[in-house]
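Below: run.cif (mmCIF, C-alpha atoms and all ligand atoms)
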data_upload
#
loop_
_atom_site.label_atom_id
_atom_site.label_comp_id
_atom_site.auth_asym_id
_atom_site.auth_seq_id
_atom_site.Cartn_x
_atom_site.Cartn_y
_atom_site.Cartn_z
CA MET A 1 -39.23 -2.30 -54.43
CA LYS A 2 -38.34 -1.27 -50.92
CA THR A 3 -35.31 0.66 -52.04
CA ARG A 4 -37.33 2.84 -54.39
CA LEU A 5 -39.95 3.53 -51.74
CA TYR A 6 -37.29 4.53 -49.34
CA LEU A 7 -35.56 6.87 -51.74
CA THR A 8 -38.70 8.86 -52.45
CA ASP A 9 -39.71 9.07 -48.80
CA PRO A 10 -39.17 12.73 -47.84
CA GLU A 11 -38.34 12.03 -44.21
CA SER A 12 -35.59 9.62 -45.19
CA SER A 13 -34.27 11.99 -47.84
CA ALA A 14 -33.95 14.66 -45.17
CA ARG A 15 -32.05 12.22 -43.02
CA MET A 16 -29.66 11.43 -45.86
CA ARG A 17 -29.11 15.13 -46.49
CA ARG A 18 -28.29 15.69 -42.82
CA ILE A 19 -25.81 12.84 -42.92
CA ARG A 20 -24.08 14.28 -45.96
CA GLN A 21 -23.81 17.67 -44.30
CA LYS A 22 -22.43 16.12 -41.15
CA ARG A 23 -19.88 14.24 -43.16
CA THR A 24 -18.69 17.43 -44.77
CA ALA A 25 -18.48 19.01 -41.33
CA ALA A 26 -16.35 16.07 -40.16
CA GLU A 27 -14.01 16.57 -43.12
CA LEU A 28 -13.68 20.26 -42.35
CA GLU A 29 -13.02 19.49 -38.73
CA LEU A 30 -10.35 16.96 -39.58
CA GLY A 31 -8.72 19.44 -41.99
CA GLN A 32 -8.56 22.02 -39.23
CA LEU A 33 -7.16 19.46 -36.83
CA LEU A 34 -4.40 18.48 -39.29
CA ARG A 35 -3.46 22.13 -39.78
CA ASP A 36 -3.40 22.69 -36.00
CA ILE A 37 -1.14 19.71 -35.48
CA GLY A 38 1.03 20.81 -38.40
CA ILE A 39 0.50 17.78 -40.59
CA ARG A 40 0.54 18.42 -44.30
CA GLY A 41 -1.66 16.55 -46.66
CA ARG A 42 -3.88 17.17 -49.64
CA GLN A 43 -7.65 17.01 -49.38
CA ASN A 44 -9.84 14.73 -51.54
CA VAL A 45 -7.00 13.10 -53.39
CA ARG A 46 -8.76 11.79 -56.47
CA SER A 47 -5.58 10.41 -58.01
CA LEU A 48 -5.51 7.71 -55.31
CA PRO A 49 -7.87 4.73 -55.01
CA GLY A 50 -10.93 5.61 -52.95
CA SER A 51 -10.17 9.38 -53.11
CA PRO A 52 -8.98 9.63 -49.49
CA ASP A 53 -10.19 12.66 -47.55
CA PHE A 54 -6.59 13.56 -46.81
CA ALA A 55 -3.36 12.08 -48.09
CA ASN A 56 0.31 12.74 -48.51
CA ILE A 57 1.59 10.85 -51.53
CA SER A 58 5.32 11.23 -50.89
CA LYS A 59 4.95 10.17 -47.27
CA ARG A 60 2.55 7.43 -48.27
CA TRP A 61 -0.29 7.97 -45.84
CA ALA A 62 -3.99 8.44 -46.31
CA ILE A 63 -6.71 9.40 -43.85
CA PHE A 64 -10.42 8.84 -44.17
CA THR A 65 -12.99 10.42 -41.91
CA HIS A 66 -16.22 8.50 -41.63
CA GLY A 67 -19.61 9.52 -40.35
CA CYS A 68 -20.58 7.09 -37.58
CA PHE A 69 -24.14 6.59 -38.79
CA TRP A 70 -23.43 6.28 -42.47
CA HIS A 71 -20.40 4.01 -42.15
CA HIS A 72 -21.89 2.21 -39.18
CA HIS A 73 -19.15 2.67 -36.61
CA ARG A 74 -19.23 -0.56 -34.59
CA GLY A 75 -20.09 -0.10 -30.94
CA CYS A 76 -20.82 3.62 -31.40
CA SER A 77 -24.05 5.15 -30.09
CA LYS A 78 -24.44 7.08 -33.37
CA ALA A 79 -24.48 3.89 -35.42
CA THR A 80 -28.20 3.29 -35.04
CA LEU A 81 -30.39 1.17 -37.26
CA PRO A 82 -33.50 3.07 -38.44
CA LYS A 83 -36.77 1.32 -37.61
CA GLN A 84 -38.15 1.76 -41.09
CA ASN A 85 -36.74 -0.30 -43.95
CA ARG A 86 -34.35 -2.19 -41.73
CA SER A 87 -33.22 -4.59 -44.44
CA PHE A 88 -32.47 -1.69 -46.77
CA TRP A 89 -30.32 -0.01 -44.14
CA LYS A 90 -28.57 -3.22 -43.16
CA LYS A 91 -27.59 -3.79 -46.78
CA LYS A 92 -26.61 -0.16 -47.19
CA PHE A 93 -24.36 -0.17 -44.13
CA ALA A 94 -22.78 -3.48 -45.09
CA ALA A 95 -22.08 -2.12 -48.60
CA ASN A 96 -20.57 1.06 -47.18
CA ARG A 97 -18.34 -0.85 -44.81
CA LEU A 98 -17.24 -3.21 -47.56
CA ARG A 99 -16.41 -0.26 -49.82
CA ASP A 100 -14.44 1.36 -46.99
CA SER A 101 -12.35 -1.74 -46.42
CA ARG A 102 -11.74 -2.19 -50.15
CA LYS A 103 -10.53 1.38 -50.46
CA ALA A 104 -8.13 0.92 -47.55
CA ALA A 105 -6.89 -2.40 -48.96
CA ALA A 106 -6.25 -0.84 -52.39
CA LEU A 107 -4.19 1.90 -50.78
CA ARG A 108 -2.25 -0.56 -48.61
CA ARG A 109 -1.38 -2.54 -51.72
CA LEU A 110 0.26 0.65 -53.04
CA GLY A 111 2.30 0.87 -49.85
CA PHE A 112 0.16 3.45 -48.08
CA ARG A 113 -0.61 3.46 -44.40
CA VAL A 114 -4.28 4.14 -43.86
CA LEU A 115 -6.03 5.72 -40.88
CA THR A 116 -9.75 6.02 -40.30
CA VAL A 117 -10.89 8.82 -38.03
CA TRP A 118 -14.48 8.47 -36.92
CA GLU A 119 -16.74 11.47 -36.60
CA CYS A 120 -17.28 10.78 -32.88
CA GLU A 121 -13.52 10.77 -32.26
CA LEU A 122 -12.89 14.22 -33.68
CA ARG A 123 -13.54 16.11 -30.48
CA ARG A 124 -11.87 13.68 -28.14
CA PRO A 125 -8.48 14.78 -26.82
CA ASN A 126 -6.84 11.51 -27.85
CA VAL A 127 -7.44 12.05 -31.54
CA ARG A 128 -4.55 14.52 -31.88
CA LYS A 129 -2.08 12.04 -30.45
CA ARG A 130 -3.42 9.28 -32.63
CA ILE A 131 -3.16 11.31 -35.84
CA THR A 132 0.27 12.69 -34.94
CA ARG A 133 1.62 9.22 -34.22
CA PHE A 134 0.17 7.93 -37.45
CA ALA A 135 1.42 10.69 -39.74
CA ARG A 136 4.91 10.86 -38.25
CA SER A 137 5.66 7.15 -37.97
CA LEU A 138 7.35 5.38 -40.86
ZN ZN B 1 -18.60 6.74 -33.73
#
As structure tokens - that is how I would like this structure written.
Amino acid sequence: MKTRLYLTDPESSARMRRIRQKRTAAELELGQLLRDIGIRGRQNVRSLPGSPDFANISKRWAIFTHGCFWHHHRGCSKATLPKQNRSFWKKKFAANRLRDSRKAAALRRLGFRVLTVWECELRRPNVRKRITRFARSL
């Protein structure tokens, strides 16, 4: 099966490892950003559906940060499709995006407002405004 071949391919495993590390870096960066802005939330809130990266339960908001490659950020230059095993990756990205939207929908059903901050947005000046507006609005 293609999937199995892919998973044992060392080059692809290295790629997946890099993605995971990047994702962690994005989470750290977002955490720092929230502290800088003065927005209080808990990290990796496992008591909520989808374990949001940051959330404030009493204020009913949740923030996810997504790696652009892994979560296939539409229109983003980082959301490339690897040349090898294209159908595997297409399925993988579609599954990731579906999972992301289900998580957000589950939270919204509980009355949460949900924000997604993409990895590529983290260093843009606008991101602070966007997060501040989101976390302070009712
Ligand atoms: Zn992006």
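Selecting all polymer residues at most 9 Å from ligand ZN 1 (chain B), using all atoms listed in the file, gives His66, Gly67, Cys68, Phe69, His72, His73, Arg74, Gly75, Cys76, Ser77, Lys78, Ala79, Trp118, Glu119, Cys120 and Glu121 of chain A.
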From (-10.5, 14.6, -30.6), in the file's coordinates, out to 12 Å: which residues are reached, counting all atoms listed in the file? Answer as a ChimeraX atom specification. /A:26,29-30,32-34,37,117-132
Distance in Å - CA of Asp36 (chain A) versus CA of Leu48 (chain A):
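So the two atoms, CA of Asp36 (chain A) and CA of Leu48 (chain A), lie 24.5 Å apart.
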As a check of understanding: the span from CA of Trp70 (chain A) to CA of Gly50 (chain A) is 16.3 Å
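Shortest separation to Ile57 (chain A) among A:Gly41, A:Phe134, A:His71, A:Gly31 occurs at residue A:Gly41, atoms counted being all atoms listed in the file.
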Nearest-residue call for Ala104 (chain A), choices A:Gly38, A:Arg86, A:Arg46, A:Ser51, using only C-alpha atoms: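 Among the listed residues, A:Ser51 lies closest to Ala104 (chain A).
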- Please provide as a PyMOL selection string all residues within 12 Å of Ser58 (chain A), with the sequence filter that same-chain residues fewer than 4 positions apart are discarded (counting only C-alpha atoms). chain A and resi 40-42+62+110-113+135+138
Quick one: write out the picked residues with C-alpha atoms as a CSV table (one decimal), in the frame of the given file?
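Ended up saving to selection.csv:
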chain,number,residue,atom,x,y,z
A,40,ARG,CA,0.5,18.4,-44.3
A,41,GLY,CA,-1.7,16.6,-46.7
A,42,ARG,CA,-3.9,17.2,-49.6
A,62,ALA,CA,-4.0,8.4,-46.3
A,110,LEU,CA,0.3,0.6,-53.0
A,111,GLY,CA,2.3,0.9,-49.8
A,112,PHE,CA,0.2,3.4,-48.1
A,113,ARG,CA,-0.6,3.5,-44.4
A,135,ALA,CA,1.4,10.7,-39.7
A,138,LEU,CA,7.4,5.4,-40.9
What gap, in Å, lies between CA of Val114 (chain A) and CA of Val45 (chain A)?
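CA of Val45 (chain A) lies 13.4 Å from CA of Val114 (chain A).
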- request: Give the answer as one residue: which of A:Phe93, A:Leu81, A:Arg35, A:Leu115 has the shortest atom-to-atom distance to Trp61 (chain A), using only C-alpha atoms?
  value: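 Checking each of A:Phe93, A:Leu81, A:Arg35, A:Leu115 against Trp61 (chain A), counting only C-alpha atoms, the winner is A:Leu115.
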Need the axis-aligned box for region 120-131 of chain A with 6 Å each side, so what are the centre and edges in Å to one decimal, as AutoDock Vina command-line options?
--center_x -9.7 --center_y 12.7 --center_z -31.3 --size_x 27.2 --size_y 18.8 --size_z 21.0
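Closest approach to Asp53 (chain A) from the set A:Arg108, A:Arg133, A:Asn96, A:Thr65 is made by A:Thr65, with distances taken over all atoms listed in the file.
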